[in-house]
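Asker: You'll find final_9.tsv just under this line, and it carries TSV, C-alpha atoms.
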chain	number	residue	atom	x	y	z
P	1	MET	CA	-146.54	-24.92	-56.18
P	2	LYS	CA	-145.95	-25.77	-59.86
P	3	LYS	CA	-148.73	-27.61	-61.68
P	4	VAL	CA	-148.08	-30.56	-64.00
P	5	LEU	CA	-150.53	-32.32	-66.31
P	6	ILE	CA	-149.90	-35.97	-67.25
P	7	VAL	CA	-151.86	-37.48	-70.14
P	8	ASP	CA	-151.43	-41.25	-70.61
P	9	ASP	CA	-153.83	-44.14	-71.16
P	10	GLU	CA	-151.92	-46.43	-68.77
P	11	GLN	CA	-153.06	-45.96	-65.19
P	12	SER	CA	-149.86	-47.51	-63.86
P	13	ILE	CA	-147.77	-44.79	-65.56
P	14	LEU	CA	-150.04	-42.04	-64.29
P	15	THR	CA	-149.75	-43.42	-60.76
P	16	LEU	CA	-145.95	-43.81	-60.97
P	17	LEU	CA	-145.29	-40.33	-62.33
P	18	ALA	CA	-147.85	-38.62	-60.10
P	19	PHE	CA	-146.34	-40.26	-57.01
P	20	ASN	CA	-142.80	-39.15	-57.87
P	21	LEU	CA	-143.82	-35.63	-58.90
P	22	GLU	CA	-145.97	-35.05	-55.82
P	23	LYS	CA	-143.10	-36.27	-53.66
P	24	GLU	CA	-141.02	-33.46	-55.23
P	25	GLY	CA	-143.69	-30.89	-54.35
P	26	TYR	CA	-145.57	-30.60	-57.65
P	27	GLN	CA	-149.35	-30.40	-57.95
P	28	VAL	CA	-150.41	-33.07	-60.44
P	29	GLN	CA	-153.51	-33.59	-62.57
P	30	THR	CA	-153.97	-36.59	-64.85
P	31	ALA	CA	-156.07	-37.70	-67.82
P	32	LEU	CA	-156.51	-41.17	-69.34
P	33	ASP	CA	-157.51	-40.08	-72.86
P	34	GLY	CA	-156.52	-37.39	-75.32
P	35	LEU	CA	-159.69	-35.35	-75.41
P	36	ALA	CA	-159.85	-35.10	-71.62
P	37	GLY	CA	-156.18	-34.12	-71.50
P	38	TYR	CA	-156.61	-31.47	-74.18
P	39	SER	CA	-159.63	-30.01	-72.38
P	40	LEU	CA	-157.67	-29.77	-69.14
P	41	ALA	CA	-154.69	-28.16	-70.88
P	42	VAL	CA	-156.90	-25.50	-72.47
P	43	ALA	CA	-158.94	-24.78	-69.34
P	44	ASN	CA	-156.06	-24.59	-66.86
P	45	ARG	CA	-152.63	-23.04	-66.62
P	46	TYR	CA	-149.89	-25.65	-66.17
P	47	ASP	CA	-146.16	-25.30	-65.76
P	48	PHE	CA	-145.46	-28.55	-67.60
P	49	ILE	CA	-147.27	-31.22	-69.62
P	50	ILE	CA	-146.20	-34.86	-69.98
P	51	LEU	CA	-147.98	-36.30	-73.00
P	52	ASP	CA	-148.28	-39.81	-74.43
P	53	LEU	CA	-148.53	-40.17	-78.22
P	54	MET	CA	-150.82	-43.20	-78.52
P	55	LEU	CA	-154.03	-42.06	-76.85
P	56	PRO	CA	-157.73	-42.80	-77.34
P	57	THR	CA	-160.08	-40.03	-78.64
P	58	MET	CA	-157.19	-37.70	-79.64
P	59	ASP	CA	-153.53	-38.62	-80.13
P	60	GLY	CA	-150.62	-36.76	-78.61
P	61	ILE	CA	-149.44	-35.25	-81.91
P	62	GLU	CA	-152.87	-33.68	-82.46
P	63	ILE	CA	-152.96	-32.38	-78.88
P	64	CYS	CA	-149.53	-30.79	-79.24
P	65	LYS	CA	-150.50	-29.22	-82.56
P	66	LYS	CA	-153.76	-27.79	-81.23
P	67	LEU	CA	-152.16	-26.40	-78.07
P	68	ARG	CA	-149.53	-24.54	-80.06
P	69	GLN	CA	-152.19	-23.25	-82.45
P	70	GLU	CA	-154.03	-21.92	-79.39
P	71	LYS	CA	-150.80	-20.11	-78.42
P	72	ILE	CA	-150.47	-22.23	-75.28
P	73	ASP	CA	-146.71	-22.31	-74.76
P	74	THR	CA	-146.54	-24.67	-71.76
P	75	PRO	CA	-143.44	-26.90	-72.05
P	76	ILE	CA	-144.36	-30.36	-73.33
P	77	MET	CA	-142.51	-33.65	-72.94
P	78	ILE	CA	-143.67	-36.45	-75.22
P	79	LEU	CA	-143.50	-39.77	-73.37
P	80	THR	CA	-144.33	-42.81	-75.47
P	81	ALA	CA	-143.54	-46.42	-76.30
P	82	LYS	CA	-143.05	-45.47	-79.95
P	83	ASP	CA	-139.40	-45.07	-80.90
P	84	ASP	CA	-139.97	-44.05	-84.51
P	85	GLU	CA	-137.68	-41.27	-85.75
P	86	LEU	CA	-140.43	-39.60	-87.77
P	87	ASP	CA	-142.68	-39.34	-84.70
P	88	LYS	CA	-139.86	-37.64	-82.80
P	89	ILE	CA	-139.30	-35.15	-85.60
P	90	ILE	CA	-143.01	-34.40	-85.98
P	91	GLY	CA	-143.49	-33.97	-82.23
P	92	LEU	CA	-140.53	-31.64	-81.87
P	93	GLU	CA	-141.46	-29.69	-84.99
P	94	LEU	CA	-144.99	-29.14	-83.66
P	95	GLY	CA	-143.59	-27.59	-80.52
P	96	ALA	CA	-142.76	-30.34	-78.04
P	97	ASP	CA	-139.70	-29.57	-75.90
P	98	ASP	CA	-138.43	-33.08	-75.29
P	99	TYR	CA	-139.05	-36.70	-76.19
P	100	MET	CA	-138.62	-39.82	-74.05
P	101	THR	CA	-139.44	-43.42	-74.82
P	102	LYS	CA	-140.83	-46.09	-72.50
P	103	PRO	CA	-139.62	-47.77	-70.38
P	104	PHE	CA	-138.27	-44.75	-68.54
P	105	SER	CA	-136.78	-43.74	-65.24
P	106	PRO	CA	-138.97	-41.38	-63.16
P	107	ARG	CA	-135.77	-39.71	-61.96
P	108	GLU	CA	-134.71	-38.96	-65.53
P	109	VAL	CA	-138.16	-37.58	-66.34
P	110	LEU	CA	-137.91	-35.30	-63.30
P	111	ALA	CA	-134.38	-34.18	-64.12
P	112	ARG	CA	-135.17	-33.36	-67.72
P	113	MET	CA	-138.44	-31.68	-66.78
P	114	LYS	CA	-136.63	-29.41	-64.30
P	115	ALA	CA	-133.95	-28.58	-66.89
P	116	ILE	CA	-136.58	-27.63	-69.46
P	117	MET	CA	-138.48	-25.44	-67.01
P	118	ARG	CA	-135.28	-23.65	-65.99
P	119	ARG	CA	-134.43	-23.04	-69.62
P	120	VAL	CA	-137.92	-21.81	-70.48
P	121	THR	CA	-137.86	-19.40	-67.51
P	122	LYS	CA	-134.51	-18.04	-68.65
P	123	GLN	CA	-135.76	-17.64	-72.23
P	124	GLN	CA	-138.85	-15.79	-71.04
P	125	GLN	CA	-136.70	-13.40	-69.02
P	126	GLN	CA	-134.41	-12.79	-71.99
P	127	LYS	CA	-137.39	-12.29	-74.29
P	128	ALA	CA	-138.91	-9.73	-71.92
P	129	GLU	CA	-135.62	-7.86	-71.67
P	130	THR	CA	-135.20	-7.67	-75.44
P	131	SER	CA	-138.84	-7.29	-76.54
P	132	ILE	CA	-138.47	-3.64	-77.55
P	133	GLU	CA	-135.26	-4.34	-79.40
P	134	SER	CA	-136.75	-7.33	-81.26
P	135	GLU	CA	-139.64	-5.23	-82.54
P	136	GLU	CA	-137.12	-3.09	-84.37
P	137	ALA	CA	-134.90	-5.97	-85.52
P	138	PRO	CA	-133.53	-5.19	-88.98
P	139	LYS	CA	-134.03	-7.55	-91.88
P	140	VAL	CA	-131.28	-10.01	-92.76
P	141	GLU	CA	-130.44	-10.14	-96.45
P	142	VAL	CA	-128.29	-12.77	-98.13
P	143	GLY	CA	-128.24	-12.91	-101.90
P	144	GLU	CA	-131.85	-13.24	-103.07
P	145	ILE	CA	-133.12	-14.10	-99.58
P	146	GLN	CA	-134.64	-11.50	-97.25
P	147	ILE	CA	-135.51	-12.46	-93.67
P	148	PHE	CA	-137.69	-10.22	-91.49
P	149	PRO	CA	-137.19	-11.35	-87.84
P	150	SER	CA	-139.96	-9.26	-86.28
P	151	GLN	CA	-142.53	-10.50	-88.80
P	152	TYR	CA	-141.44	-14.13	-89.16
P	153	LYS	CA	-141.41	-13.53	-92.92
P	154	VAL	CA	-139.04	-14.80	-95.59
P	155	LEU	CA	-138.82	-13.57	-99.18
P	156	VAL	CA	-136.93	-15.58	-101.80
P	157	ARG	CA	-136.40	-13.87	-105.14
P	158	GLY	CA	-139.11	-11.39	-104.19
P	159	GLU	CA	-141.76	-13.97	-103.27
P	160	GLN	CA	-142.81	-14.89	-99.74
P	161	ILE	CA	-142.35	-18.54	-98.85
P	162	ASP	CA	-144.09	-20.59	-96.18
P	163	VAL	CA	-141.77	-21.78	-93.42
P	164	THR	CA	-142.46	-23.47	-90.11
P	165	PRO	CA	-141.27	-21.77	-86.90
P	166	LYS	CA	-138.28	-24.11	-86.60
P	167	GLU	CA	-137.36	-23.66	-90.27
P	168	PHE	CA	-137.49	-19.89	-89.77
P	169	GLU	CA	-135.30	-20.01	-86.66
P	170	LEU	CA	-132.82	-22.33	-88.36
P	171	LEU	CA	-132.61	-20.16	-91.49
P	172	LEU	CA	-132.18	-16.95	-89.48
P	173	TYR	CA	-129.55	-18.50	-87.20
P	174	MET	CA	-127.47	-19.70	-90.16
P	175	ALA	CA	-127.95	-16.52	-92.19
P	176	LYS	CA	-126.51	-14.50	-89.31
P	177	ARG	CA	-123.39	-16.70	-89.37
P	178	ILE	CA	-122.29	-16.45	-92.98
P	179	ASN	CA	-119.42	-18.77	-93.97
P	180	ARG	CA	-119.19	-20.34	-90.51
P	181	ILE	CA	-119.20	-24.12	-90.30
P	182	LEU	CA	-121.98	-25.13	-87.92
P	183	SER	CA	-122.12	-28.67	-86.55
P	184	ARG	CA	-125.40	-30.54	-86.28
P	185	GLU	CA	-124.99	-30.63	-82.49
P	186	GLN	CA	-124.50	-26.85	-82.41
P	187	LEU	CA	-127.66	-26.33	-84.45
P	188	LEU	CA	-129.62	-28.70	-82.22
P	189	ASN	CA	-128.63	-26.81	-79.11
P	190	ALA	CA	-129.27	-23.40	-80.69
P	191	ILE	CA	-132.64	-24.08	-82.35
P	192	TRP	CA	-134.17	-26.86	-80.31
P	193	ASN	CA	-132.59	-25.62	-77.06
P	194	PHE	CA	-131.73	-29.11	-75.91
P	195	ASP	CA	-128.90	-31.58	-76.24
P	196	TYR	CA	-130.60	-34.27	-78.38
P	197	THR	CA	-127.64	-36.61	-78.36
P	198	GLY	CA	-127.92	-38.93	-81.34
P	199	GLU	CA	-130.88	-37.02	-82.83
P	200	THR	CA	-128.98	-35.11	-85.52
P	201	ARG	CA	-131.30	-36.47	-88.20
P	202	ILE	CA	-133.74	-33.77	-87.06
P	203	VAL	CA	-131.34	-31.13	-88.38
P	204	ASP	CA	-130.85	-32.95	-91.69
P	205	VAL	CA	-134.61	-33.14	-92.27
P	206	HIS	CA	-135.09	-29.41	-91.64
P	207	ILE	CA	-132.11	-28.51	-93.83
P	208	SER	CA	-133.64	-30.60	-96.61
P	209	HIS	CA	-136.98	-28.78	-96.25
P	210	LEU	CA	-135.27	-25.38	-96.32
P	211	ARG	CA	-133.31	-26.26	-99.44
P	212	GLU	CA	-136.53	-27.18	-101.21
P	213	LYS	CA	-137.87	-23.72	-100.42
P	214	ILE	CA	-134.84	-21.48	-101.05
P	215	GLU	CA	-132.60	-23.26	-103.55
P	216	LYS	CA	-133.16	-23.25	-107.31
P	217	ASP	CA	-131.58	-26.70	-107.56
P	218	THR	CA	-131.57	-28.82	-104.38
P	219	LYS	CA	-128.94	-31.11	-105.90
P	220	LYS	CA	-126.60	-28.14	-106.31
P	221	PRO	CA	-127.36	-25.85	-103.33
P	222	VAL	CA	-125.70	-22.44	-103.33
P	223	TYR	CA	-126.89	-21.17	-99.93
P	224	ILE	CA	-126.82	-24.09	-97.51
P	225	ARG	CA	-123.70	-26.15	-98.22
P	226	THR	CA	-122.88	-29.50	-96.63
P	227	VAL	CA	-119.43	-29.70	-95.05
P	228	ARG	CA	-118.77	-33.43	-94.93
P	229	GLY	CA	-117.77	-34.71	-91.54
P	230	PHE	CA	-118.62	-31.40	-89.85
P	231	GLY	CA	-122.09	-30.04	-90.59
P	232	TYR	CA	-123.38	-27.14	-92.68
P	233	LYS	CA	-122.33	-23.69	-93.86
P	234	PHE	CA	-124.50	-20.80	-95.09
P	235	GLU	CA	-122.87	-18.95	-97.96
P	236	VAL	CA	-123.45	-15.95	-100.18
P	237	PRO	CA	-123.89	-17.28	-103.74
P	238	LYS	CA	-121.11	-16.38	-106.12
P	239	ALA	CA	-122.16	-14.00	-108.87
Just give me the structure of the file as structure tokens.
Answerer:
Amino acid sequence: MKKVLIVDDEQSILTLLAFNLEKEGYQVQTALDGLAGYSLAVANRYDFIILDLMLPTMDGIEICKKLRQEKIDTPIMILTAKDDELDKIIGLELGADDYMTKPFSPREVLARMKAIMRRVTKQQQQKAETSIESEEAPKVEVGEIQIFPSQYKVLVRGEQIDVTPKEFELLLYMAKRINRILSREQLLNAIWNFDYTGETRIVDVHISHLREKIEKDTKKPVYIRTVRGFGYKFEVPKA
């Protein structure tokens, strides 16, 4: 029986989700505040976490951040009344797997939760099958950029730069596809592993952050080029 943790400060939402999940055969635990939810998530092994953003004692963003710092990789769905784009980007960047706003349909929550768990299981199987190969993954070098996949390290003009996990994955994905036009939707599916229809701003924000770190002049980028009406293209700078 799969275990699900729901953290929300509205009892009615806890009751609604718990009822529908238990009816589907899940074992459910709940928490009404952030600190209690975080403590449960650290002390127990869950298959999925549904997490509100606006919580007393500790907000959902902080919980998500701390769980990922603790190397707890349980899939997380952020469920909140806030529909601010920045909150979505922050939540997803910190390691959340999906984002839904209230009001919501319990059926949609269930459907998306199942899809995420299936995808995570598949990724874990693929990771296990390729673990030995990934340890020996060769560096990717484009111009003055060197990317070391097995070390999550990036050198630009000989100096290591700080990148977030999503920035690293995005840079590596594009660097392996030199001169190919990649749509925002394609990048969303490849890096965030989900079809965030209408959420392409997430890609633009991460591209902007990468340009600040790898380009000499962000107004005249030579590596990550914008292809108007299509998306982006990673190029080898002309000598």
Asker: Please report the interatomic distance between CA of Lys3 (chain P) and CA of Ala190 (chain P) in Å with one decimal.
Answerer: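 If I compute the distance from CA of Lys3 (chain P) to CA of Ala190 (chain P), I get 27.5 Å.
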Asker: Pick from P:Asp47, P:Glu215, P:Leu187, P:Leu32: nearest to Arg157 (chain P), with all atoms listed in the file counted?
Answerer: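 Ranking P:Asp47, P:Glu215, P:Leu187, P:Leu32 by distance to Arg157 (chain P), first place goes to P:Glu215.
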Asker: Out of P:Glu108, P:Asp204, P:Glu159, P:Asp8, which residue has the shortest atom-to-atom distance to Leu21 (chain P) when counting only C-alpha atoms?
Answerer: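 The shortest atom-to-atom distance to Leu21 (chain P) comes from P:Glu108.
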Asker: Would you please work out which residue, of P:Val203, P:Arg228, P:Gln186, P:Leu79, is nearest to Pro103 (chain P) when using only C-alpha atoms?
Answerer: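 Smallest distance to Pro103 (chain P) is found for P:Leu79.
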Asker: Nearest to Leu110 (chain P): which of P:Lys233, P:Lys213, P:Lys139, P:Lys23 is it, counting all atoms listed in the file?
Answerer: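 Checking each of P:Lys233, P:Lys213, P:Lys139, P:Lys23 against Leu110 (chain P), counting all atoms listed in the file, the winner is P:Lys23.
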Asker: Env of Gly60 (chain P): 12 Å cut, atoms = all atoms listed in the file, seq-sep filter 3 positions within chain, self excluded. Answer as number ranges by chain.
Answerer: P: 6-9, 32-38, 49-57, 63-67, 76-80, 82, 87-88, 90-92, 94-96, 99
Asker: CA of Asp217 (chain P) and CA of Met174 (chain P), how far apart in Å?
Answerer: 19.2 Å
